[in-house]
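A.B. asks: Just one file: work.cif, with mmCIF, C-alpha atoms (C1' of nucleotides).
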data_model
#
loop_
_atom_site.group_PDB
_atom_site.id
_atom_site.type_symbol
_atom_site.label_atom_id
_atom_site.label_comp_id
_atom_site.auth_asym_id
_atom_site.auth_seq_id
_atom_site.Cartn_x
_atom_site.Cartn_y
_atom_site.Cartn_z
ATOM 1 C CA MET A 1 95.745 146.775 101.719
ATOM 2 C CA MET A 2 92.335 148.296 101.420
ATOM 3 C CA THR A 3 91.803 148.191 105.138
ATOM 4 C CA ARG A 4 90.819 150.900 107.526
ATOM 5 C CA ASP A 5 94.035 151.193 109.496
ATOM 6 C CA GLY A 6 96.207 151.155 106.392
ATOM 7 C CA CYS A 7 94.606 154.350 105.260
ATOM 8 C CA PRO A 8 96.808 157.329 106.077
ATOM 9 C CA GLU A 9 100.328 156.159 105.238
ATOM 10 C CA ASN A 10 99.561 153.813 102.411
ATOM 11 C CA VAL A 11 97.479 156.476 100.786
ATOM 12 C CA LEU A 12 100.359 158.912 100.941
ATOM 13 C CA ALA A 13 102.624 156.579 98.987
ATOM 14 C CA ILE A 14 99.887 155.905 96.456
ATOM 15 C CA LYS A 15 99.282 159.612 96.033
ATOM 16 C CA ASP A 16 102.979 160.238 95.548
ATOM 17 C CA ALA A 17 102.991 157.670 92.785
ATOM 18 C CA ILE A 18 99.988 159.236 91.100
ATOM 19 C CA GLU A 19 101.356 162.712 91.527
ATOM 20 C CA ALA A 20 104.608 161.726 89.826
ATOM 21 C CA LEU A 21 102.622 160.808 86.720
ATOM 22 C CA GLU A 22 99.495 162.914 86.644
ATOM 23 C CA GLY A 23 98.819 165.803 84.349
ATOM 24 C CA LYS A 24 98.743 166.268 80.645
ATOM 25 C CA TRP A 25 102.418 165.953 79.845
ATOM 26 C CA LYS A 26 104.591 163.929 82.203
ATOM 27 C CA ILE A 27 104.001 160.538 80.647
ATOM 28 C CA LEU A 28 104.500 161.871 77.144
ATOM 29 C CA ILE A 29 107.808 163.438 78.145
ATOM 30 C CA MET A 30 108.945 160.243 79.829
ATOM 31 C CA LEU A 31 108.032 158.209 76.765
ATOM 32 C CA SER A 32 109.912 160.618 74.566
ATOM 33 C CA LEU A 33 113.001 160.391 76.758
ATOM 34 C CA SER A 34 112.697 156.622 77.104
ATOM 35 C CA GLN A 35 113.960 156.349 73.544
ATOM 36 C CA ASN A 36 117.175 158.201 74.294
ATOM 37 C CA THR A 37 118.744 161.343 75.691
ATOM 38 C CA LYS A 38 117.284 164.497 74.184
ATOM 39 C CA ARG A 39 117.682 168.251 74.246
ATOM 40 C CA PHE A 40 115.009 170.721 75.302
ATOM 41 C CA ARG A 41 114.022 171.732 71.796
ATOM 42 C CA GLU A 42 113.856 168.126 70.621
ATOM 43 C CA ILE A 43 111.416 167.232 73.363
ATOM 44 C CA SER A 44 109.330 170.315 72.684
ATOM 45 C CA ARG A 45 109.078 169.296 69.035
ATOM 46 C CA GLU A 46 108.099 165.715 69.904
ATOM 47 C CA VAL A 47 105.564 166.452 72.599
ATOM 48 C CA ASN A 48 102.948 168.102 70.499
ATOM 49 C CA GLY A 49 101.331 171.270 71.786
ATOM 50 C CA ILE A 50 103.371 171.836 74.908
ATOM 51 C CA THR A 51 104.638 175.358 75.517
ATOM 52 C CA ASP A 52 108.203 176.152 76.563
ATOM 53 C CA LYS A 53 107.094 177.374 79.941
ATOM 54 C CA VAL A 54 105.165 174.253 80.770
ATOM 55 C CA LEU A 55 107.851 171.943 79.409
ATOM 56 C CA SER A 56 110.437 173.712 81.524
ATOM 57 C CA LYS A 57 108.265 173.295 84.604
ATOM 58 C CA GLU A 58 107.517 169.652 83.938
ATOM 59 C CA LEU A 59 111.187 168.849 83.372
ATOM 60 C CA LYS A 60 112.033 170.425 86.712
ATOM 61 C CA HIS A 61 109.324 168.392 88.380
ATOM 62 C CA LEU A 62 110.613 165.181 86.825
ATOM 63 C CA GLU A 63 114.166 166.071 87.836
ATOM 64 C CA ILE A 64 113.200 166.744 91.452
ATOM 65 C CA ASN A 65 111.487 163.375 91.437
ATOM 66 C CA LYS A 66 114.731 161.820 90.178
ATOM 67 C CA LEU A 67 113.049 160.374 87.128
ATOM 68 C CA ILE A 68 115.332 162.266 84.750
ATOM 69 C CA VAL A 69 118.715 164.015 84.901
ATOM 70 C CA ARG A 70 119.705 167.330 83.442
ATOM 71 C CA ASN A 71 123.111 167.809 81.872
ATOM 72 C CA GLU A 72 124.238 171.286 80.988
ATOM 73 C CA PHE A 73 127.175 172.143 78.733
ATOM 74 C CA ASN A 74 128.106 175.779 78.557
ATOM 75 C CA THR A 75 128.318 176.073 74.836
ATOM 76 C CA PHE A 76 127.536 179.309 73.032
ATOM 77 C CA PRO A 77 124.038 178.529 71.948
ATOM 78 C CA PRO A 78 123.158 176.678 75.163
ATOM 79 C CA THR A 79 123.117 172.895 75.154
ATOM 80 C CA VAL A 80 121.202 170.946 77.769
ATOM 81 C CA GLU A 81 120.535 167.249 77.664
ATOM 82 C CA TYR A 82 117.882 165.318 79.521
ATOM 83 C CA SER A 83 117.956 161.589 80.138
ATOM 84 C CA ILE A 84 116.057 158.970 82.087
ATOM 85 C CA THR A 85 117.497 157.677 85.359
ATOM 86 C CA GLU A 86 117.431 154.117 86.627
ATOM 87 C CA HIS A 87 114.602 155.143 88.893
ATOM 88 C CA GLY A 88 112.793 156.549 85.894
ATOM 89 C CA LYS A 89 113.170 153.228 84.141
ATOM 90 C CA SER A 90 111.530 151.508 87.102
ATOM 91 C CA LEU A 91 108.350 153.260 86.055
ATOM 92 C CA GLU A 92 107.972 150.868 83.175
ATOM 93 C CA LEU A 93 106.487 148.113 85.337
ATOM 94 C CA LEU A 94 104.031 150.484 86.927
ATOM 95 C CA LEU A 95 103.030 151.863 83.553
ATOM 96 C CA MET A 96 102.410 148.311 82.387
ATOM 97 C CA GLU A 97 100.039 147.728 85.283
ATOM 98 C CA LEU A 98 98.298 151.023 84.671
ATOM 99 C CA TYR A 99 97.996 150.103 81.023
ATOM 100 C CA ARG A 100 96.568 146.684 81.821
ATOM 101 C CA TRP A 101 93.993 148.003 84.250
ATOM 102 C CA GLY A 102 93.242 150.965 82.007
ATOM 103 C CA MET A 103 92.358 148.629 79.145
ATOM 104 C CA LYS A 104 90.076 146.515 81.325
ATOM 105 C CA HIS A 105 88.591 149.711 82.616
ATOM 106 C CA ARG A 106 87.799 151.011 79.151
ATOM 107 C CA GLU A 107 86.061 147.765 78.231
ATOM 108 C CA GLU A 108 84.087 147.836 81.451
ATOM 109 C CA VAL A 109 82.953 151.410 81.018
ATOM 110 C CA MET A 110 82.191 151.120 77.302
ATOM 111 C CA LYS A 111 79.906 148.117 77.542
ATOM 112 C CA ASP A 112 76.482 149.215 78.798
ATOM 113 C CA MET B 1 105.737 149.276 76.126
ATOM 114 C CA MET B 2 107.713 152.453 76.325
ATOM 115 C CA THR B 3 108.265 152.508 72.609
ATOM 116 C CA ARG B 4 107.595 155.185 70.122
ATOM 117 C CA ASP B 5 104.789 153.519 68.199
ATOM 118 C CA GLY B 6 103.022 152.435 71.370
ATOM 119 C CA CYS B 7 102.572 156.034 72.322
ATOM 120 C CA PRO B 8 99.089 157.231 71.371
ATOM 121 C CA GLU B 9 96.799 154.358 72.337
ATOM 122 C CA ASN B 10 98.730 152.976 75.261
ATOM 123 C CA VAL B 11 98.947 156.415 76.736
ATOM 124 C CA LEU B 12 95.189 156.793 76.523
ATOM 125 C CA ALA B 13 94.615 153.674 78.600
ATOM 126 C CA ILE B 14 97.222 154.756 81.123
ATOM 127 C CA LYS B 15 95.645 158.173 81.383
ATOM 128 C CA ASP B 16 92.222 156.645 81.899
ATOM 129 C CA ALA B 17 93.616 154.622 84.767
ATOM 130 C CA ILE B 18 95.216 157.654 86.345
ATOM 131 C CA GLU B 19 92.141 159.758 85.807
ATOM 132 C CA ALA B 20 89.980 157.212 87.581
ATOM 133 C CA LEU B 21 92.093 157.640 90.690
ATOM 134 C CA GLU B 22 93.519 161.139 90.672
ATOM 135 C CA GLY B 23 92.453 163.990 92.871
ATOM 136 C CA LYS B 24 92.215 164.532 96.559
ATOM 137 C CA TRP B 25 89.304 162.267 97.390
ATOM 138 C CA LYS B 26 88.658 159.280 95.113
ATOM 139 C CA ILE B 27 91.021 156.854 96.792
ATOM 140 C CA LEU B 28 89.800 157.791 100.242
ATOM 141 C CA ILE B 29 86.208 157.209 99.205
ATOM 142 C CA MET B 30 87.070 153.870 97.653
ATOM 143 C CA LEU B 31 88.917 152.809 100.785
ATOM 144 C CA SER B 32 85.961 153.811 102.894
ATOM 145 C CA LEU B 33 83.568 151.820 100.722
ATOM 146 C CA SER B 34 85.922 148.859 100.521
ATOM 147 C CA GLN B 35 84.941 148.038 104.094
ATOM 148 C CA ASN B 36 81.252 147.774 103.298
ATOM 149 C CA THR B 37 78.247 149.453 101.764
ATOM 150 C CA LYS B 38 77.667 152.938 103.138
ATOM 151 C CA ARG B 39 75.261 155.833 102.936
ATOM 152 C CA PHE B 40 76.129 159.347 101.804
ATOM 153 C CA ARG B 41 76.304 160.835 105.261
ATOM 154 C CA GLU B 42 78.413 157.982 106.559
ATOM 155 C CA ILE B 43 80.996 158.502 103.849
ATOM 156 C CA SER B 44 81.001 162.235 104.403
ATOM 157 C CA ARG B 45 81.722 161.644 108.087
ATOM 158 C CA GLU B 46 84.522 159.202 107.351
ATOM 159 C CA VAL B 47 86.270 161.117 104.606
ATOM 160 C CA ASN B 48 87.496 164.010 106.661
ATOM 161 C CA GLY B 49 87.099 167.511 105.253
ATOM 162 C CA ILE B 50 85.140 166.739 102.093
ATOM 163 C CA THR B 51 82.136 168.940 101.377
ATOM 164 C CA ASP B 52 78.761 167.613 100.289
ATOM 165 C CA LYS B 53 79.090 169.122 96.866
ATOM 166 C CA VAL B 54 82.439 167.568 96.163
ATOM 167 C CA LEU B 55 81.451 164.211 97.623
ATOM 168 C CA SER B 56 78.371 164.182 95.437
ATOM 169 C CA LYS B 57 80.474 164.945 92.384
ATOM 170 C CA GLU B 58 83.088 162.346 93.196
ATOM 171 C CA LEU B 59 80.466 159.659 93.783
ATOM 172 C CA LYS B 60 78.951 160.412 90.394
ATOM 173 C CA HIS B 61 82.357 160.147 88.779
ATOM 174 C CA LEU B 62 83.042 156.811 90.464
ATOM 175 C CA GLU B 63 79.623 155.553 89.433
ATOM 176 C CA ILE B 64 80.116 156.517 85.800
ATOM 177 C CA ASN B 65 83.406 154.664 85.938
ATOM 178 C CA LYS B 66 81.551 151.605 87.288
ATOM 179 C CA LEU B 67 83.721 151.442 90.372
ATOM 180 C CA ILE B 68 80.726 151.832 92.668
ATOM 181 C CA VAL B 69 76.945 151.384 92.453
ATOM 182 C CA ARG B 70 74.273 153.633 93.787
ATOM 183 C CA ASN B 71 71.153 152.172 95.324
ATOM 184 C CA GLU B 72 68.241 154.472 96.027
ATOM 185 C CA PHE B 73 65.261 153.617 98.230
ATOM 186 C CA ASN B 74 62.472 156.129 98.188
ATOM 187 C CA THR B 75 61.952 156.377 101.876
ATOM 188 C CA PHE B 76 60.780 159.608 103.435
ATOM 189 C CA PRO B 77 64.098 160.854 104.607
ATOM 190 C CA PRO B 78 65.948 159.705 101.516
ATOM 191 C CA THR B 79 68.107 156.613 101.790
ATOM 192 C CA VAL B 80 70.881 156.000 99.290
ATOM 193 C CA GLU B 81 73.486 153.297 99.551
ATOM 194 C CA TYR B 82 76.812 153.110 97.787
ATOM 195 C CA SER B 83 78.849 149.958 97.332
ATOM 196 C CA ILE B 84 81.918 148.784 95.488
ATOM 197 C CA THR B 85 81.503 146.802 92.270
ATOM 198 C CA GLU B 86 83.567 143.844 91.160
ATOM 199 C CA HIS B 87 85.371 146.190 88.827
ATOM 200 C CA GLY B 88 86.045 148.458 91.767
ATOM 201 C CA LYS B 89 87.558 145.575 93.641
ATOM 202 C CA SER B 90 89.918 144.949 90.749
ATOM 203 C CA LEU B 91 91.564 148.217 91.705
ATOM 204 C CA GLU B 92 93.168 146.555 94.682
ATOM 205 C CA LEU B 93 95.967 145.041 92.630
ATOM 206 C CA LEU B 94 96.706 148.319 90.896
ATOM 207 C CA LEU B 95 96.721 150.153 94.206
ATOM 208 C CA MET B 96 99.202 147.604 95.514
ATOM 209 C CA GLU B 97 101.526 148.336 92.609
ATOM 210 C CA LEU B 98 101.117 152.072 93.075
ATOM 211 C CA TYR B 99 101.856 151.619 96.746
ATOM 212 C CA ARG B 100 104.957 149.565 96.058
ATOM 213 C CA TRP B 101 106.385 151.996 93.545
ATOM 214 C CA GLY B 102 105.317 154.956 95.673
ATOM 215 C CA MET B 103 107.328 153.637 98.612
ATOM 216 C CA LYS B 104 110.435 153.082 96.491
ATOM 217 C CA HIS B 105 109.888 156.504 95.045
ATOM 218 C CA ARG B 106 109.782 158.167 98.449
ATOM 219 C CA GLU B 107 113.028 156.494 99.474
ATOM 220 C CA GLU B 108 114.660 157.513 96.215
ATOM 221 C CA VAL B 109 113.605 161.131 96.469
ATOM 222 C CA MET B 110 114.360 161.468 100.191
ATOM 223 C CA LYS B 111 117.951 160.255 100.031
ATOM 224 C CA ASP B 112 120.211 162.980 98.690
ATOM 225 C "C1'" DG C 1 56.049 174.848 116.695
ATOM 226 C "C1'" DA C 2 60.993 174.512 116.284
ATOM 227 C "C1'" DT C 3 64.667 171.790 115.212
ATOM 228 C "C1'" DA C 4 67.408 168.062 113.292
ATOM 229 C "C1'" DG C 5 68.514 164.742 109.808
ATOM 230 C "C1'" DC C 6 69.026 163.079 104.934
ATOM 231 C "C1'" DA C 7 70.887 163.509 100.126
ATOM 232 C "C1'" DC C 8 71.662 166.330 97.647
ATOM 233 C "C1'" DT C 9 71.792 171.166 94.504
ATOM 234 C "C1'" DT C 10 72.829 175.991 93.895
ATOM 235 C "C1'" DT C 11 75.358 180.155 94.227
ATOM 236 C "C1'" DC C 12 79.375 182.726 95.141
ATOM 237 C "C1'" DC C 13 84.170 183.176 95.356
ATOM 238 C "C1'" DG C 14 89.405 182.651 95.297
ATOM 239 C "C1'" DC C 15 93.286 180.463 93.692
ATOM 240 C "C1'" DG C 16 96.320 178.196 90.829
ATOM 241 C "C1'" DA C 17 97.344 175.523 86.521
ATOM 242 C "C1'" DG C 18 98.444 176.288 82.245
ATOM 243 C "C1'" DG C 19 98.069 178.694 77.479
ATOM 244 C "C1'" DA C 20 99.770 182.729 74.493
ATOM 245 C "C1'" DT C 21 103.203 185.770 73.677
ATOM 246 C "C1'" DA C 22 107.421 188.105 74.007
ATOM 247 C "C1'" DG C 23 112.025 188.829 75.743
ATOM 248 C "C1'" DT C 24 117.141 187.381 76.790
ATOM 249 C "C1'" DA C 25 122.530 186.622 75.587
ATOM 250 C "C1'" DA C 26 125.487 184.976 72.306
ATOM 251 C "C1'" DT C 27 126.722 183.110 68.007
ATOM 252 C "C1'" DA C 28 126.394 181.369 63.230
ATOM 253 C "C1'" DT C 29 124.499 181.947 58.898
ATOM 254 C "C1'" DA C 30 122.514 184.351 54.760
ATOM 255 C "C1'" DT D 1 122.951 193.851 58.684
ATOM 256 C "C1'" DA D 2 119.155 190.893 59.624
ATOM 257 C "C1'" DT D 3 117.736 186.633 61.105
ATOM 258 C "C1'" DA D 4 117.632 182.061 63.265
ATOM 259 C "C1'" DT D 5 118.786 179.117 67.132
ATOM 260 C "C1'" DT D 6 118.924 177.643 72.128
ATOM 261 C "C1'" DA D 7 117.032 177.167 76.779
ATOM 262 C "C1'" DC D 8 114.828 179.348 79.193
ATOM 263 C "C1'" DT D 9 112.079 183.338 82.097
ATOM 264 C "C1'" DA D 10 108.435 186.860 82.629
ATOM 265 C "C1'" DT D 11 103.931 188.721 82.023
ATOM 266 C "C1'" DC D 12 99.233 188.504 81.146
ATOM 267 C "C1'" DC D 13 94.987 186.184 80.994
ATOM 268 C "C1'" DT D 14 91.404 182.660 81.234
ATOM 269 C "C1'" DC D 15 89.255 178.685 82.923
ATOM 270 C "C1'" DG D 16 87.887 175.392 86.116
ATOM 271 C "C1'" DC D 17 88.471 173.074 90.605
ATOM 272 C "C1'" DG D 18 87.080 173.064 94.946
ATOM 273 C "C1'" DG D 19 85.676 175.377 99.446
ATOM 274 C "C1'" DA D 20 81.893 177.883 102.184
ATOM 275 C "C1'" DA D 21 77.319 178.460 102.947
ATOM 276 C "C1'" DA D 22 72.603 178.161 102.276
ATOM 277 C "C1'" DG D 23 68.405 176.090 100.298
ATOM 278 C "C1'" DT D 24 65.004 171.948 99.465
ATOM 279 C "C1'" DG D 25 61.211 168.502 100.691
ATOM 280 C "C1'" DC D 26 59.778 165.654 103.995
ATOM 281 C "C1'" DT D 27 59.652 163.369 108.464
ATOM 282 C "C1'" DA D 28 60.622 162.353 113.360
ATOM 283 C "C1'" DT D 29 61.648 164.156 117.676
ATOM 284 C "C1'" DC D 30 61.635 167.448 121.509
#
For this file, write the structure as structure tokens.
C.D. replies:
Amino acid sequence: MMTRDGCPENVLAIKDAIEALEGKWKILIMLSLSQNTKRFREISREVNGITDKVLSKELKHLEINKLIVRNEFNTFPPTVEYSITEHGKSLELLLMELYRWGMKHREEVMKD
Amino acid sequence: MMTRDGCPENVLAIKDAIEALEGKWKILIMLSLSQNTKRFREISREVNGITDKVLSKELKHLEINKLIVRNEFNTFPPTVEYSITEHGKSLELLLMELYRWGMKHREEVMKD
DNA sequence: GATAGCACTTTCCGCGAGGATAGTAATATA
DNA sequence: TATATTACTATCCTCGCGGAAAGTGCTATC
């Protein structure tokens, strides 16, 4: 894995994985939606401190990455529902690994 | 894992893990050092396009995170060696997982 | 005597992410 | 009649990342 020749293409896949998760909000939004389908305003209330503009952008990003789906009903005050896809659920394993390493990492860095 | 109550602390560990790896250069530097101990100029030649300033910053970041060690010899033209720590090597598994999910992710996103 | 190499640091600069705020159409409620 | 709600979009502004380029102290080489 960590070999010279593996560099370019492997790194691209790794970067794609990181990019799908990085930033201040994506994980929080995914966790919020992992409970169940939610509407825009519900998410914005749950994910503390996020602005509408940023939430809207992040949701689009997650949708393009097929981690969530958007469902629009043309009701009179607009109704839009967001839910996690199967692919989105497959993140759970990766998040577990990140969590595991992250914990080890914190211990390692804390101890002088 | 992806439960409501797990949110705050789990997310911190996950974010630490992501933060240790995110950005344009960290993974490339780690891959370069995973081969063997190297000097500043060697890394800068191998990691294509990085500037001295950024490389210097990234190396500091990696050192603080105990993923690499810096060894300074006070020779007349300065000699400094960087090498991977045991903790740094423990990244390999995580990178494998990121790679695996990243590949699945690319397939998923590519197919319409 | 000029130049190159090393491991940085410093300064300047541009761009983009993201925060704050306000606006939109349409309806229900007070 | 005024206001709240919904899911956004638009505008403005600030901050920080990261690139380009040059400087530093000292030596070895041409």
A.B. asks: Can you give me, as a PyMOL selection string, the residues this file yields under the PyMOL selection byres ((chain B) within 8 of (chain A))?
C.D. replies: chain B and resi 1-4+7+10-11+13-18+22+27-28+31-32+34-35+64-66+87+91-92+94-103+105-106+108-109
A.B. asks: Would you kindly return, as a list in words, each protein, DNA or RNA residue with an atom no farther than 12 Å from any atom of B:Lys57, considering only C-alpha atoms (C1' of nucleotides) and excluding same-chain residues fewer than 3 positions away?
C.D. replies: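 Listed by chain and then number, they are Trp25, Lys26, Ile29, Phe40, Ile50, Thr51, Asp52, Lys53, Val54, Lys60, His61, Leu62, Glu63 and Ile64 of chain B; DC8 and DT9 of chain C; DC17 and DG18 of chain D.
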A.B. asks: Using all atoms listed in the file, list the residues that have an atom at most 12 Å from (55.3, 161.3, 108.8), coordinates as in the file, as a list in words.
C.D. replies: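 The distance filter leaves exactly Thr75, Phe76 and Pro77 of chain B; DC26, DT27, DA28 and DT29 of chain D.
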A.B. asks: Selected by the PyMOL selection byres ((chain C and resi 3) around 10) in the shown coordinates: which residues, as a PDB file with C-alpha atoms (C1' of nucleotides), in the frame of the given file?
C.D. replies:
ATOM      1  C1'  DG C   1      56.049 174.848 116.695  1.00  0.00           C
ATOM      2  C1'  DA C   2      60.993 174.512 116.284  1.00  0.00           C
ATOM      3  C1'  DA C   4      67.408 168.062 113.292  1.00  0.00           C
ATOM      4  C1'  DG C   5      68.514 164.742 109.808  1.00  0.00           C
TER       5       DG C   5
ATOM      6  C1'  DT D  29      61.648 164.156 117.676  1.00  0.00           C
ATOM      7  C1'  DC D  30      61.635 167.448 121.509  1.00  0.00           C
TER       8       DC D  30
END
A.B. asks: Once the PyMOL selection byres ((chain D and resi 21) around 12) has been evaluated on this model, what residues remain selected, and can you format them as a PyMOL selection string?
C.D. replies: (chain B and resi 51-53) or (chain C and resi 10-13) or (chain D and resi 19-20+22-23)
A.B. asks: So the first atom is atom CA of A:Ile43 and the second is atom CA of A:Leu59; what is the distance between them in Å, to one decimal place?
C.D. replies: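 Atom CA of A:Leu59 lies 10.1 Å from atom CA of A:Ile43.
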A.B. asks: Could you list, as JSON, numbers by chain, every residue of chain C that has an atom within 10 Å of an atom of chain A, counting all atoms listed in the file?
C.D. replies: {"C": [17, 18, 19, 20, 25, 26, 27, 28]}
A.B. asks: What does the structure give for the distance between atom C1' of D:DG25 and atom CA of B:Ser44, in Å to one decimal?
C.D. replies: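 Interatomic distance here is 21.1 Å.
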A.B. asks: Between atom CA of B:Asp112 and atom CA of A:Arg39, what is the spacing in Å?
C.D. replies: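 Atom CA of B:Asp112 lies at a distance of 25.1 Å from atom CA of A:Arg39.
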A.B. asks: For chain D, which of A:Ile68, A:Leu55, A:Thr85, A:Glu107 is the closest residue, counting all atoms listed in the file?
C.D. replies: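 Residue with the minimum atom-to-atom distance to chain D: A:Leu55.
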